[in-house]
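Engineer: Input run_31.cif, format and content: mmCIF, C-alpha atoms and all ligand atoms.
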```cif
data_start
#
loop_
_atom_site.label_atom_id
_atom_site.label_comp_id
_atom_site.auth_asym_id
_atom_site.auth_seq_id
_atom_site.Cartn_x
_atom_site.Cartn_y
_atom_site.Cartn_z
CA MET A 1 20.09 18.32 -1.07
CA ASN A 2 18.12 15.43 0.40
CA LEU A 3 16.23 12.90 -1.70
CA TYR A 4 12.84 14.49 -1.07
CA GLU A 5 13.61 18.13 -1.85
CA PRO A 6 13.20 17.82 -5.66
CA PHE A 7 9.61 16.68 -5.27
CA ILE A 8 8.33 19.13 -2.63
CA GLN A 9 6.02 21.63 -4.34
CA ASN A 10 4.86 23.84 -1.45
CA ASP A 11 4.97 24.50 2.32
CA ARG A 12 2.01 22.23 3.09
CA GLN A 13 3.84 19.28 1.55
CA ARG A 14 7.00 20.15 3.48
CA GLU A 15 5.03 20.16 6.76
CA LEU A 16 3.31 16.86 5.97
CA LEU A 17 6.64 15.34 4.99
CA ASP A 18 8.29 16.54 8.21
CA MET A 19 5.49 14.95 10.26
CA THR A 20 5.86 11.70 8.28
CA ALA A 21 9.65 11.72 8.62
CA LYS A 22 9.33 11.76 12.42
CA LEU A 23 6.99 8.76 12.32
CA ALA A 24 9.20 6.89 9.84
CA ASP A 25 12.37 7.45 11.82
CA THR A 26 10.69 6.19 15.01
CA PHE A 27 9.31 3.13 13.19
CA ALA A 28 12.80 2.34 11.86
CA THR A 29 14.04 1.90 15.44
CA ARG A 30 11.35 -0.73 16.10
CA GLY A 31 11.70 -2.67 12.84
CA GLU A 32 14.13 -5.34 14.00
CA LYS A 33 12.17 -6.08 17.20
CA PHE A 34 8.85 -6.54 15.39
CA ASP A 35 10.55 -8.63 12.74
CA ARG A 36 12.31 -10.97 15.19
CA GLU A 37 9.17 -11.36 17.30
CA ASP A 38 6.99 -11.73 14.21
CA ALA A 39 4.68 -9.24 15.90
CA PHE A 40 2.06 -6.90 14.54
CA PRO A 41 3.30 -3.28 14.92
CA PHE A 42 0.44 -2.01 17.11
CA GLU A 43 2.69 0.78 18.45
CA ASN A 44 3.22 2.12 14.94
CA VAL A 45 -0.51 2.09 14.29
CA GLU A 46 -1.16 3.97 17.53
CA ASP A 47 1.44 6.58 16.51
CA LEU A 48 -0.23 7.00 13.11
CA LYS A 49 -3.55 7.56 14.85
CA ALA A 50 -2.11 10.05 17.33
CA ALA A 51 -0.48 12.03 14.51
CA GLY A 52 -3.76 12.22 12.56
CA TYR A 53 -2.09 10.32 9.70
CA VAL A 54 -5.15 8.06 9.38
CA SER A 55 -7.41 10.93 8.29
CA LEU A 56 -5.11 12.42 5.64
CA THR A 57 -7.30 11.34 2.72
CA VAL A 58 -10.64 12.17 4.34
CA PRO A 59 -12.31 15.06 2.46
CA GLU A 60 -11.87 18.50 4.05
CA GLU A 61 -15.66 18.91 4.29
CA TYR A 62 -15.67 15.95 6.72
CA GLY A 63 -12.70 17.07 8.79
CA GLY A 64 -9.76 15.50 6.95
CA LYS A 65 -6.73 16.90 5.11
CA GLU A 66 -7.90 15.69 1.67
CA ILE A 67 -4.35 15.12 0.46
CA SER A 68 -3.80 14.60 -3.28
CA LEU A 69 -2.49 11.44 -4.93
CA TYR A 70 0.88 13.20 -5.36
CA GLU A 71 1.03 13.87 -1.64
CA LEU A 72 -0.08 10.32 -0.81
CA VAL A 73 2.79 8.93 -2.88
CA MET A 74 5.31 11.26 -1.25
CA LEU A 75 4.23 10.50 2.32
CA GLN A 76 3.83 6.77 1.84
CA GLU A 77 7.29 6.54 0.27
CA ARG A 78 8.81 8.37 3.23
CA LEU A 79 6.87 6.25 5.75
CA ALA A 80 8.13 3.06 4.08
CA THR A 81 11.75 4.11 4.56
CA GLY A 82 11.00 3.53 8.26
CA ASP A 83 8.71 0.51 8.11
CA ALA A 84 7.47 -0.97 4.85
CA ALA A 85 4.74 -3.13 6.38
CA THR A 86 3.20 -0.23 8.29
CA SER A 87 3.30 1.91 5.16
CA LEU A 88 1.59 -0.72 3.00
CA SER A 89 -1.08 -1.39 5.64
CA ILE A 90 -2.01 2.22 6.20
CA GLY A 91 -1.75 2.76 2.45
CA TRP A 92 -4.76 0.45 1.93
CA HIS A 93 -6.77 2.48 4.46
CA LEU A 94 -5.76 5.88 3.06
CA GLY A 95 -6.01 4.82 -0.55
CA GLY A 96 -9.39 3.20 -0.05
CA LEU A 97 -10.75 6.40 1.49
CA MET A 98 -9.24 8.42 -1.36
CA GLU A 99 -11.07 6.25 -3.90
CA LEU A 100 -14.38 6.67 -2.06
CA SER A 101 -13.81 10.40 -1.75
CA GLU A 102 -13.09 10.87 -5.46
CA ASN A 103 -15.87 8.61 -6.79
CA ARG A 104 -18.54 8.87 -4.01
CA PRO A 105 -20.17 5.53 -4.85
CA TRP A 106 -21.84 5.21 -1.42
CA ASP A 107 -24.88 6.78 0.12
CA GLU A 108 -23.41 10.14 1.19
CA VAL A 109 -24.78 9.97 4.76
CA LEU A 110 -22.99 6.67 5.33
CA PHE A 111 -19.74 7.93 3.79
CA LYS A 112 -19.89 11.08 5.93
CA SER A 113 -20.44 8.97 9.04
CA LEU A 114 -17.43 6.76 8.23
CA CYS A 115 -15.24 9.82 7.55
CA GLU A 116 -16.24 11.39 10.85
CA LYS A 117 -15.40 8.18 12.69
CA VAL A 118 -11.98 8.13 11.02
CA VAL A 119 -11.35 11.72 12.12
CA THR A 120 -12.71 11.53 15.67
CA GLU A 121 -12.40 7.86 16.68
CA ARG A 122 -9.42 7.02 14.40
CA VAL A 123 -11.15 3.94 13.02
CA LEU A 124 -9.36 1.87 10.35
CA ILE A 125 -10.81 0.27 7.23
CA ASN A 126 -9.49 -1.96 4.46
CA ARG A 127 -10.82 -3.91 1.52
CA ALA A 128 -10.90 -7.67 2.00
CA ALA A 129 -11.11 -8.90 -1.56
CA THR A 130 -8.79 -11.91 -1.81
CA GLU A 131 -9.93 -15.51 -1.31
CA PRO A 132 -8.22 -18.91 -1.45
CA ALA A 133 -10.14 -19.94 -4.58
CA THR A 134 -10.00 -16.68 -6.53
CA GLY A 135 -6.42 -15.65 -5.75
CA SER A 136 -5.89 -12.05 -6.72
CA PRO A 137 -9.26 -10.33 -7.27
CA THR A 138 -7.70 -8.49 -10.23
CA ARG A 139 -7.91 -11.77 -12.20
CA GLY A 140 -11.71 -11.48 -12.19
CA GLY A 141 -12.69 -14.60 -10.21
CA LEU A 142 -16.09 -14.51 -8.50
CA PRO A 143 -15.92 -14.52 -4.67
CA GLU A 144 -17.09 -17.62 -2.82
CA THR A 145 -18.06 -15.42 0.12
CA ARG A 146 -21.80 -15.10 -0.24
CA ALA A 147 -24.38 -12.64 1.07
CA VAL A 148 -27.98 -13.81 1.22
CA LYS A 149 -30.97 -11.51 1.73
CA SER A 150 -32.65 -11.87 5.11
CA ASP A 151 -35.72 -10.28 6.78
CA ARG A 152 -33.54 -7.55 8.29
CA GLY A 153 -30.82 -7.19 5.69
CA TRP A 154 -28.09 -9.66 4.74
CA ILE A 155 -26.43 -12.77 6.14
CA ILE A 156 -22.85 -13.07 4.96
CA ASP A 157 -20.53 -16.12 5.13
CA GLY A 158 -17.02 -16.63 3.86
CA ARG A 159 -13.28 -16.35 4.32
CA LYS A 160 -10.98 -13.62 3.09
CA THR A 161 -7.24 -14.18 2.89
CA PHE A 162 -4.44 -11.57 2.89
CA THR A 163 -6.41 -9.00 4.92
CA SER A 164 -3.73 -6.49 5.86
CA MET A 165 -3.72 -5.23 9.47
CA ALA A 166 -6.77 -7.45 10.14
CA LYS A 167 -6.17 -7.35 13.90
CA ALA A 168 -6.21 -3.55 13.95
CA LEU A 169 -9.19 -2.99 11.63
CA ASP A 170 -12.54 -1.63 12.76
CA TYR A 171 -14.22 -2.18 9.39
CA SER A 172 -13.67 -4.21 6.26
CA LEU A 173 -15.13 -3.77 2.83
CA VAL A 174 -15.79 -7.38 1.96
CA SER A 175 -16.38 -8.51 -1.62
CA ALA A 176 -19.13 -11.11 -1.88
CA ARG A 177 -21.40 -12.81 -4.35
CA ILE A 178 -24.94 -11.48 -4.02
CA GLY A 179 -27.34 -14.37 -3.38
CA ASP A 180 -27.32 -16.97 -6.17
CA SER A 181 -26.48 -14.42 -8.83
CA ASP A 182 -23.11 -13.89 -10.49
CA GLU A 183 -23.14 -10.31 -9.31
CA LYS A 184 -20.45 -9.08 -6.91
CA GLY A 185 -20.87 -6.40 -4.30
CA PHE A 186 -18.91 -4.86 -1.44
CA PHE A 187 -20.34 -5.06 2.09
CA LEU A 188 -19.29 -2.80 4.93
CA VAL A 189 -18.55 -5.15 7.83
CA ASP A 190 -18.06 -3.88 11.38
CA HIS A 191 -15.47 -6.13 13.04
CA SER A 192 -17.29 -5.95 16.39
CA LEU A 193 -20.29 -7.87 14.98
CA ASP A 194 -21.03 -11.43 16.10
CA GLY A 195 -19.53 -13.99 13.74
CA VAL A 196 -16.58 -11.84 12.63
CA ARG A 197 -13.20 -13.27 13.61
CA ILE A 198 -9.56 -13.15 12.59
CA GLU A 199 -7.60 -16.34 12.01
CA GLU A 200 -3.85 -15.86 12.29
CA THR A 201 -2.66 -17.41 9.03
CA TRP A 202 -0.07 -14.79 8.06
CA ASP A 203 3.15 -16.76 8.44
CA THR A 204 5.45 -15.21 5.84
CA ILE A 205 9.06 -14.17 5.34
CA ALA A 206 8.10 -10.81 3.80
CA MET A 207 5.99 -7.94 5.07
CA GLN A 208 5.19 -9.86 8.26
CA GLY A 209 4.18 -6.62 9.94
CA THR A 210 1.17 -6.21 7.65
CA GLY A 211 -0.47 -9.00 9.66
CA SER A 212 -2.43 -9.95 6.54
CA ASP A 213 -4.45 -12.65 8.29
CA ASP A 214 -7.71 -14.33 7.31
CA LEU A 215 -10.97 -12.57 7.99
CA VAL A 216 -13.65 -15.17 8.69
CA LEU A 217 -17.36 -14.39 8.51
CA ASP A 218 -19.72 -16.94 10.06
CA ASP A 219 -23.41 -16.11 9.53
CA VAL A 220 -22.82 -12.43 10.12
CA SER A 221 -26.04 -10.34 10.12
CA LEU A 222 -25.74 -7.06 8.29
CA SER A 223 -28.23 -4.25 7.72
CA THR A 224 -29.63 -3.55 4.24
CA GLU A 225 -27.39 -0.47 3.99
CA ALA A 226 -24.26 -2.61 4.45
CA LEU A 227 -24.30 -3.37 0.72
CA VAL A 228 -22.43 -0.21 -0.23
CA GLU A 229 -21.24 -1.00 -3.76
CA ARG A 230 -22.56 -3.40 -6.37
CA ASP A 231 -21.49 -4.18 -9.92
CA ARG A 232 -24.80 -3.18 -11.48
CA ASP A 233 -24.54 0.35 -10.07
CA LYS A 234 -21.23 1.06 -11.77
CA PRO A 235 -21.41 4.11 -14.07
CA GLU A 236 -22.03 3.38 -17.76
CA GLY A 237 -18.77 4.93 -18.91
CA GLY A 238 -16.91 2.61 -16.50
CA VAL A 239 -15.11 3.48 -13.28
CA LEU A 240 -11.93 5.52 -13.13
CA PRO A 241 -8.63 3.60 -12.87
CA LYS A 242 -7.53 2.90 -9.29
CA ALA A 243 -4.79 5.53 -9.14
CA TRP A 244 -4.63 5.26 -5.34
CA LEU A 245 -2.89 1.91 -5.83
CA LEU A 246 0.25 4.00 -6.45
CA HIS A 247 0.70 3.74 -2.70
CA ILE A 248 2.12 0.28 -3.54
CA PRO A 249 5.08 1.36 -5.72
CA ALA A 250 5.58 4.29 -3.32
CA CYS A 251 5.98 1.79 -0.48
CA TYR A 252 8.48 -0.43 -2.28
CA ILE A 253 10.60 2.44 -3.58
CA GLY A 254 10.67 3.64 0.05
CA VAL A 255 12.18 0.27 0.96
CA ALA A 256 14.76 0.79 -1.79
CA ILE A 257 15.66 4.22 -0.43
CA ALA A 258 16.16 2.74 3.04
CA ALA A 259 18.51 0.10 1.55
CA ARG A 260 20.34 2.76 -0.46
CA ASN A 261 20.87 4.86 2.68
CA GLU A 262 22.25 1.84 4.56
CA ALA A 263 24.63 1.01 1.73
CA ILE A 264 25.96 4.57 1.47
CA THR A 265 26.53 4.80 5.23
CA PHE A 266 28.31 1.45 5.13
CA ALA A 267 30.50 2.50 2.19
CA LYS A 268 31.58 5.64 4.06
CA GLU A 269 32.30 3.80 7.32
CA TYR A 270 33.69 0.39 6.39
CA SER A 271 37.42 0.57 6.11
CA PRO A 272 39.09 -2.86 5.74
CA ASN A 273 42.83 -2.95 6.37
CA SER A 274 43.52 -3.95 2.77
CA LEU A 275 42.61 -0.39 1.73
CA PRO A 276 43.98 3.02 2.70
CA GLY A 277 40.47 4.26 3.55
CA PRO A 278 36.76 3.37 3.41
CA ILE A 279 35.32 1.38 0.51
CA LYS A 280 33.50 4.48 -0.79
CA ASP A 281 36.68 5.28 -2.70
CA VAL A 282 36.74 1.96 -4.55
CA PRO A 283 35.64 2.53 -8.20
CA GLU A 284 33.45 -0.59 -8.24
CA VAL A 285 31.58 0.58 -5.11
CA GLN A 286 31.11 4.02 -6.67
CA ARG A 287 29.81 2.41 -9.85
CA LYS A 288 27.21 0.49 -7.83
CA ILE A 289 26.16 3.62 -5.95
CA GLY A 290 25.83 5.47 -9.26
CA GLU A 291 23.66 2.66 -10.63
CA ILE A 292 21.43 2.87 -7.57
CA GLU A 293 21.03 6.62 -8.01
CA LEU A 294 20.19 6.17 -11.69
CA GLU A 295 17.58 3.50 -10.94
CA LEU A 296 16.00 5.58 -8.17
CA PHE A 297 15.96 8.67 -10.39
CA LYS A 298 14.18 6.80 -13.18
CA ALA A 299 11.65 5.13 -10.90
CA ARG A 300 10.81 8.19 -8.83
CA GLN A 301 10.53 10.56 -11.81
CA ILE A 302 7.99 8.19 -13.34
CA LEU A 303 6.11 7.68 -10.07
CA TYR A 304 5.86 11.36 -9.18
CA SER A 305 5.18 12.65 -12.69
CA VAL A 306 2.27 10.26 -13.27
CA ALA A 307 0.81 11.07 -9.83
CA ASP A 308 1.15 14.78 -10.65
CA LYS A 309 -0.57 14.29 -14.00
CA TRP A 310 -3.48 12.55 -12.21
CA VAL A 311 -3.84 15.55 -9.92
CA LYS A 312 -3.35 18.33 -12.47
CA GLU A 313 -5.05 16.89 -15.54
CA PRO A 314 -8.24 15.25 -14.25
CA HIS A 315 -9.77 15.13 -17.76
CA LYS A 316 -7.11 12.55 -18.70
CA ARG A 317 -7.79 10.22 -15.75
CA SER A 318 -10.07 7.77 -17.51
CA ALA A 319 -7.32 6.99 -20.07
CA MET A 320 -4.55 6.50 -17.49
CA GLY A 321 -5.13 2.84 -16.55
CA GLU A 322 -2.21 1.37 -18.52
CA GLU A 323 0.07 4.24 -17.48
CA LEU A 324 -0.64 3.62 -13.78
CA GLY A 325 0.01 -0.10 -14.26
CA ALA A 326 3.30 0.67 -16.02
CA VAL A 327 4.36 2.81 -13.05
CA LYS A 328 3.73 -0.08 -10.65
CA HIS A 329 5.74 -2.45 -12.87
CA ILE A 330 8.71 -0.12 -13.38
CA VAL A 331 8.94 1.16 -9.82
CA THR A 332 8.58 -2.14 -7.95
CA ASN A 333 11.12 -3.82 -10.23
CA SER A 334 13.50 -0.87 -9.82
CA ALA A 335 13.09 -1.16 -6.06
CA PHE A 336 14.06 -4.81 -6.26
CA LYS A 337 17.18 -3.94 -8.29
CA VAL A 338 18.21 -1.15 -5.91
CA VAL A 339 17.95 -3.38 -2.84
CA ASP A 340 19.94 -6.11 -4.59
CA THR A 341 22.71 -3.67 -5.61
CA ALA A 342 22.79 -2.11 -2.13
CA MET A 343 23.28 -5.58 -0.62
CA ARG A 344 26.18 -6.26 -2.97
CA ILE A 345 27.88 -3.11 -1.62
CA VAL A 346 27.45 -4.24 1.98
CA GLY A 347 28.49 -7.82 1.23
CA ALA A 348 27.84 -10.77 3.53
CA ARG A 349 27.02 -8.54 6.50
CA SER A 350 23.77 -7.72 4.69
CA LEU A 351 22.59 -11.26 5.50
CA PHE A 352 22.81 -10.88 9.27
CA LYS A 353 19.46 -10.78 11.07
CA SER A 354 20.66 -7.69 12.93
CA ASN A 355 21.16 -5.92 9.59
CA PRO A 356 18.03 -4.18 8.24
CA MET A 357 19.20 -4.96 4.71
CA GLN A 358 17.99 -8.57 4.84
CA ARG A 359 14.56 -7.30 5.94
CA HIS A 360 14.44 -4.90 3.00
CA TYR A 361 15.42 -7.79 0.71
CA ARG A 362 12.53 -9.94 1.94
CA ASN A 363 10.01 -7.09 2.00
CA VAL A 364 10.74 -5.73 -1.46
CA ARG A 365 9.94 -9.13 -2.93
CA ALA A 366 6.28 -8.83 -1.84
CA GLY A 367 5.78 -5.98 -4.32
CA LEU A 368 5.55 -8.54 -7.10
CA HIS A 369 2.37 -9.94 -5.54
CA ASN A 370 0.49 -6.69 -5.02
CA PRO A 371 -1.73 -5.47 -7.85
CA PRO A 372 -1.44 -5.08 -10.74
CA MET A 373 0.85 -8.07 -11.31
CA ASP A 374 3.63 -7.72 -13.90
CA ASP A 375 2.11 -10.05 -16.50
CA MET A 376 -1.19 -8.15 -16.42
CA VAL A 377 0.56 -4.81 -16.93
CA ILE A 378 2.49 -6.12 -19.92
CA SER A 379 -0.58 -7.69 -21.46
CA GLN A 380 -2.62 -4.48 -21.00
CA LEU A 381 0.12 -2.47 -22.69
CA ALA A 382 0.20 -4.95 -25.57
CA HIS A 383 -3.58 -4.80 -25.99
CA ARG A 384 -3.54 -1.02 -26.05
CA ALA A 385 -0.79 -0.96 -28.66
CA LEU A 386 -2.63 -3.47 -30.84
CA GLU A 387 -5.91 -1.57 -30.56
CA GLN A 388 -4.38 1.75 -31.63
C1 LIG B 401 1.89 -7.99 1.68
C2 LIG B 401 0.54 -8.23 1.05
C3 LIG B 401 -0.57 -7.54 1.53
C4 LIG B 401 -1.83 -7.76 0.97
N1 LIG B 401 -2.94 -7.11 1.46
C5 LIG B 401 -4.17 -7.34 0.94
C6 LIG B 401 -5.35 -6.74 1.48
O1 LIG B 401 -5.27 -5.98 2.43
N2 LIG B 401 -6.56 -7.05 0.94
C7 LIG B 401 -6.68 -7.93 -0.09
O2 LIG B 401 -7.80 -8.17 -0.56
N3 LIG B 401 -5.60 -8.52 -0.64
C8 LIG B 401 -4.35 -8.26 -0.15
N4 LIG B 401 -3.24 -8.89 -0.67
C9 LIG B 401 -3.46 -9.89 -1.70
C10 LIG B 401 -2.99 -9.52 -3.10
O3 LIG B 401 -3.73 -8.44 -3.61
C11 LIG B 401 -3.15 -10.77 -3.98
O4 LIG B 401 -4.49 -11.09 -4.06
C12 LIG B 401 -2.37 -11.93 -3.43
O5 LIG B 401 -1.04 -11.53 -3.22
C13 LIG B 401 -2.41 -13.12 -4.32
O6 LIG B 401 -1.77 -12.82 -5.53
P1 LIG B 401 -1.13 -13.97 -6.40
O7 LIG B 401 -0.77 -13.35 -7.72
O8 LIG B 401 -0.08 -14.70 -5.69
O9 LIG B 401 -2.35 -15.01 -6.48
P2 LIG B 401 -3.06 -15.79 -7.61
O10 LIG B 401 -4.00 -14.90 -8.34
O11 LIG B 401 -3.61 -17.00 -6.99
O12 LIG B 401 -1.89 -16.18 -8.61
C14 LIG B 401 -0.96 -17.24 -8.36
C15 LIG B 401 -0.28 -17.57 -9.67
O13 LIG B 401 -1.23 -18.02 -10.63
C16 LIG B 401 -1.24 -17.20 -11.78
N5 LIG B 401 -2.66 -16.92 -12.12
C17 LIG B 401 -3.74 -17.01 -11.30
N6 LIG B 401 -4.87 -16.70 -11.96
C18 LIG B 401 -4.50 -16.38 -13.21
C19 LIG B 401 -5.21 -15.95 -14.37
N7 LIG B 401 -6.55 -15.81 -14.36
N8 LIG B 401 -4.52 -15.69 -15.48
C20 LIG B 401 -3.16 -15.85 -15.51
N9 LIG B 401 -2.43 -16.23 -14.45
C21 LIG B 401 -3.09 -16.52 -13.32
C22 LIG B 401 -0.52 -15.92 -11.36
O14 LIG B 401 0.20 -15.35 -12.43
C23 LIG B 401 0.43 -16.40 -10.32
O15 LIG B 401 1.62 -16.84 -10.92
C24 LIG B 401 -1.97 -8.68 -0.12
C25 LIG B 401 -0.83 -9.35 -0.61
C26 LIG B 401 0.41 -9.14 -0.03
C27 LIG B 401 1.59 -9.89 -0.59
#
```
What would the structure in this file look like if it were written as structure tokens?
Structural biologist:
Amino acid sequence: MNLYEPFIQNDRQRELLDMTAKLADTFATRGEKFDREDAFPFENVEDLKAAGYVSLTVPEEYGGKEISLYELVMLQERLATGDAATSLSIGWHLGGLMELSENRPWDEVLFKSLCEKVVTERVLINRAATEPATGSPTRGGLPETRAVKSDRGWIIDGRKTFTSMAKALDYSLVSARIGDSDEKGFFLVDHSLDGVRIEETWDTIAMQGTGSDDLVLDDVSLSTEALVERDRDKPEGGVLPKAWLLHIPACYIGVAIAARNEAITFAKEYSPNSLPGPIKDVPEVQRKIGEIELELFKARQILYSVADKWVKEPHKRSAMGEELGAVKHIVTNSAFKVVDTAMRIVGARSLFKSNPMQRHYRNVRAGLHNPPMDDMVISQLAHRALEQ
């Protein structure tokens, strides 16, 4: 039985997973080249568009597949076994659309128009919410990017850091301070507008392929309708937790699975002349493989069961914030442990640039810096326990 079989619930999921597996396996063959050249994986993005992957979370009424959170997790995990950076990047696009689809905070005509563009023109969108001064937006800092009312709409100025797949985006949802107030809003910014440019600042050792460059906005004129979300319009009972962020742990556990597969293949094939056969028969190697399986079992059961609960028990969603954070913490840390153990099986060869293992090692580290961060998860759990 393969690793995915236990989680497939129906034929639709099997078909979607087969389609994703083809993409992932193709991306895996390009990983080393993109990594060595420090290049943005445009070819992968084109393949995702051609396969219709980019419209998976668009509502059915607007021409998409309207996949569930459970399905998103499953497909993103599989995609990441081929290329983690491509999975994380497209995860922001798919997850962002899923959030809009579930909550419908926008004017419906505008949302419909965006969905139709995703389906027919394969446009890409992402949230640009991080800035040099605020750091992670989850910490609550107010953006320095500012939108000022003009005769025709808004003029927006600012710089966003860490904007994944910036070079491939058609639209960004940019967080900005509204005028001189302390209120924050999100503005829909078309990247073809005058004053919108990308500055190539993404010079990292991990997840290079996300191309998370700076998005710079110099006196960009926007229409009145571009202000699509603002703090004061949030529902009184609060907004639902951002369950779609589970695409993050799904991505990093996908990296761990890729490392696990490499290590198992190596253990079956590597046969040093000090042993009668391959190292798979060495008890210590078997112990490490068993530990990997245990870690993956734990992490994936938690990831999939919480995603399933979100789908099947919608009345519990509003109380799931801490649970979703705990999933991110457990799964990304498990992924880190799995990659580390897999590298110990492979030994020093895992450090060669030609070995995908060293790429997995660098990539899995980035999970710590995607939201929610570990310290926030722990503190939220503590607060909940103390309040009960
Ligand atoms: C691969 C990758 C892709 C990304 N893609 C996107 C994207 O597409 N769009 C986007 O908007 N963002 C994106 N991000 C940005 C991400 O969401 C974070 O904003 C970013 O990684 C910065 O997080 P940080 O914890 O390092 O930063 P900071 O918040 O600056 O934190 C740095 C350090 O200071 C501490 N710290 C800072 N503030 C506080 C506080 N108030 N209380 C306690 N401790 C504090 C933190 O614990 C940490 O140790 C991406 C990040 C990565 C790594």
Engineer: Produce as a list of chain:residue names the set of residues near ligand LIG 401 (chain B), where near means within 6 Å with only C-alpha atoms and all ligand atoms considered.
Structural biologist: A:Arg127, A:Ala128, A:Ala129, A:Thr130, A:Gly135, A:Ser136, A:Pro137, A:Arg139, A:Phe162, A:Thr163, A:Ser164, A:Met207, A:Ser212, A:Ala366, A:His369, A:Asn370, A:Pro371
Engineer: Could you give me, as a PyMOL selection string, the residues that sit within 10 Å of (10.0, 7.2, -12.0) in the file's coordinates, counting only C-alpha atoms?
Structural biologist: chain A and resi 249+253+295-306+327-328+330-331+334
Engineer: Which residue gives the smallest distance to A:Leu110 among A:Leu245, A:Ala307, A:Ile205, A:Leu188, with all atoms listed in the file counted?
Structural biologist: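 Nearest to A:Leu110: A:Leu188.
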Engineer: If you count all atoms listed in the file, which residues fall within 12 Å of A:Glu60, apart from same-chain ones fewer than 5 positions away, as a list in words?
Structural biologist: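 Using all atoms listed in the file, the neighbours found are Ser55, Lys65, Glu66, Ile67, Ser68, Met98, Ser101, Lys112, Cys115, Glu116 and Val119 of chain A.
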Engineer: Quick one: pull the distance between atom CA of A:Trp106 and atom CA of A:Arg177, Å, one decimal.
Structural biologist: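 Atom CA of A:Arg177 lies at a distance of 18.3 Å from atom CA of A:Trp106.
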Engineer: Counting only C-alpha atoms, what is within 12 Å of A:Glu99, bar same-chain residues fewer than 3 positions away, as a ChimeraX atom specification?
Structural biologist: /A:57-59,66-69,91-96,102-106,111,126-127,239-246
Engineer: Could you check the closest approach to A:Thr332 for each of A:Asp374, A:Asp151, A:Asp107, A:Asp194 and tell me which residue wins, using all atoms listed in the file?
Structural biologist: A:Asp374
Engineer: What lies within 9 Å of A:Leu381 using only C-alpha atoms, ignoring chain neighbours under 3 positions off, as a list in words?
Structural biologist: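 With the cut-off at 9 Å, the set is Glu322, Glu323, Gly325, Ala326, Met376, Val377, Ile378, Arg384, Ala385 and Leu386 of chain A.
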Engineer: Report the distance between atom CA of A:Ile248 and atom CA of A:Gln286 in Å, rounded to one decimal place.
Structural biologist: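 Taking atom CA of A:Ile248 and atom CA of A:Gln286, their separation equals 29.4 Å.
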Engineer: So how far away is atom CA of A:Trp154 from atom CA of A:Ile198, in Å?
Structural biologist: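 That distance, rounded to one decimal, is 20.4 Å.
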Engineer: Would you mind telling me which residue in A:Ala80, A:Leu88, A:Leu351, A:Leu75 lies nearest to A:Tyr4 when using all atoms listed in the file?
Structural biologist: A:Leu75
Engineer: Of the residues A:Asp231, A:Asp35, A:Asp281, A:Glu269, which is the one nearest to A:Ala206, using all atoms listed in the file?
Structural biologist: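 Checking each of A:Asp231, A:Asp35, A:Asp281, A:Glu269 against A:Ala206, counting all atoms listed in the file, the winner is A:Asp35.
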Engineer: Would you mind telling me which residue in A:Arg152, A:Arg197, A:Val109, A:Gln358 lies nearest to A:Tyr171 when using all atoms listed in the file?
Structural biologist: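 Using all atoms listed in the file, the shortest distance to A:Tyr171 belongs to A:Arg197.
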Engineer: Closest to A:Leu100 among A:Val216, A:Gly237, A:Lys184, A:Leu173, using all atoms listed in the file?
Structural biologist: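 The closest residue to A:Leu100 is A:Leu173.
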Engineer: How would you write as a PyMOL selection string the residues that get within 12 Å of (17.0, -3.5, -3.3) in the file's frame, counting all atoms listed in the file?
Structural biologist: chain A and resi 252-263+288-289+291-293+295-296+331-346+350+356-365+367
Engineer: Padding 8 Å on each side, edges along x, y and z: where is the centre of the box around the listed atoms of stretch 251-270 of chain A, and how long are its edges in Å to one decimal? Output it as JSON.
Structural biologist:
```
{"center_x": 19.8, "center_y": 2.6, "center_z": 1.9, "size_x": 43.7, "size_y": 22.1, "size_z": 26.9}
```
Engineer: How about completing stretch 350-354 of chain A with N, CA, C and O atoms and giving it to me as a compact mmCIF listing (two decimals), keeping the file's coordinate frame?
Structural biologist:
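Okay, this is what ended up in selection27.txt:
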```
# COMPACT_ATOMS: atom_id res chain seq x y z
N SER A 350 25.17 -8.04 5.01
CA SER A 350 23.77 -7.72 4.69
C SER A 350 22.84 -8.89 5.02
O SER A 350 21.62 -8.72 5.06
N LEU A 351 23.42 -10.07 5.23
CA LEU A 351 22.59 -11.26 5.50
C LEU A 351 22.33 -11.48 6.99
O LEU A 351 21.56 -12.36 7.35
N PHE A 352 23.00 -10.69 7.83
CA PHE A 352 22.81 -10.88 9.27
C PHE A 352 21.41 -10.41 9.69
O PHE A 352 20.92 -9.39 9.22
N LYS A 353 20.82 -11.15 10.63
CA LYS A 353 19.46 -10.78 11.07
C LYS A 353 19.45 -9.40 11.71
O LYS A 353 18.43 -8.71 11.71
N SER A 354 20.58 -9.00 12.29
CA SER A 354 20.66 -7.69 12.93
C SER A 354 20.81 -6.56 11.90
O SER A 354 20.77 -5.40 12.26
```
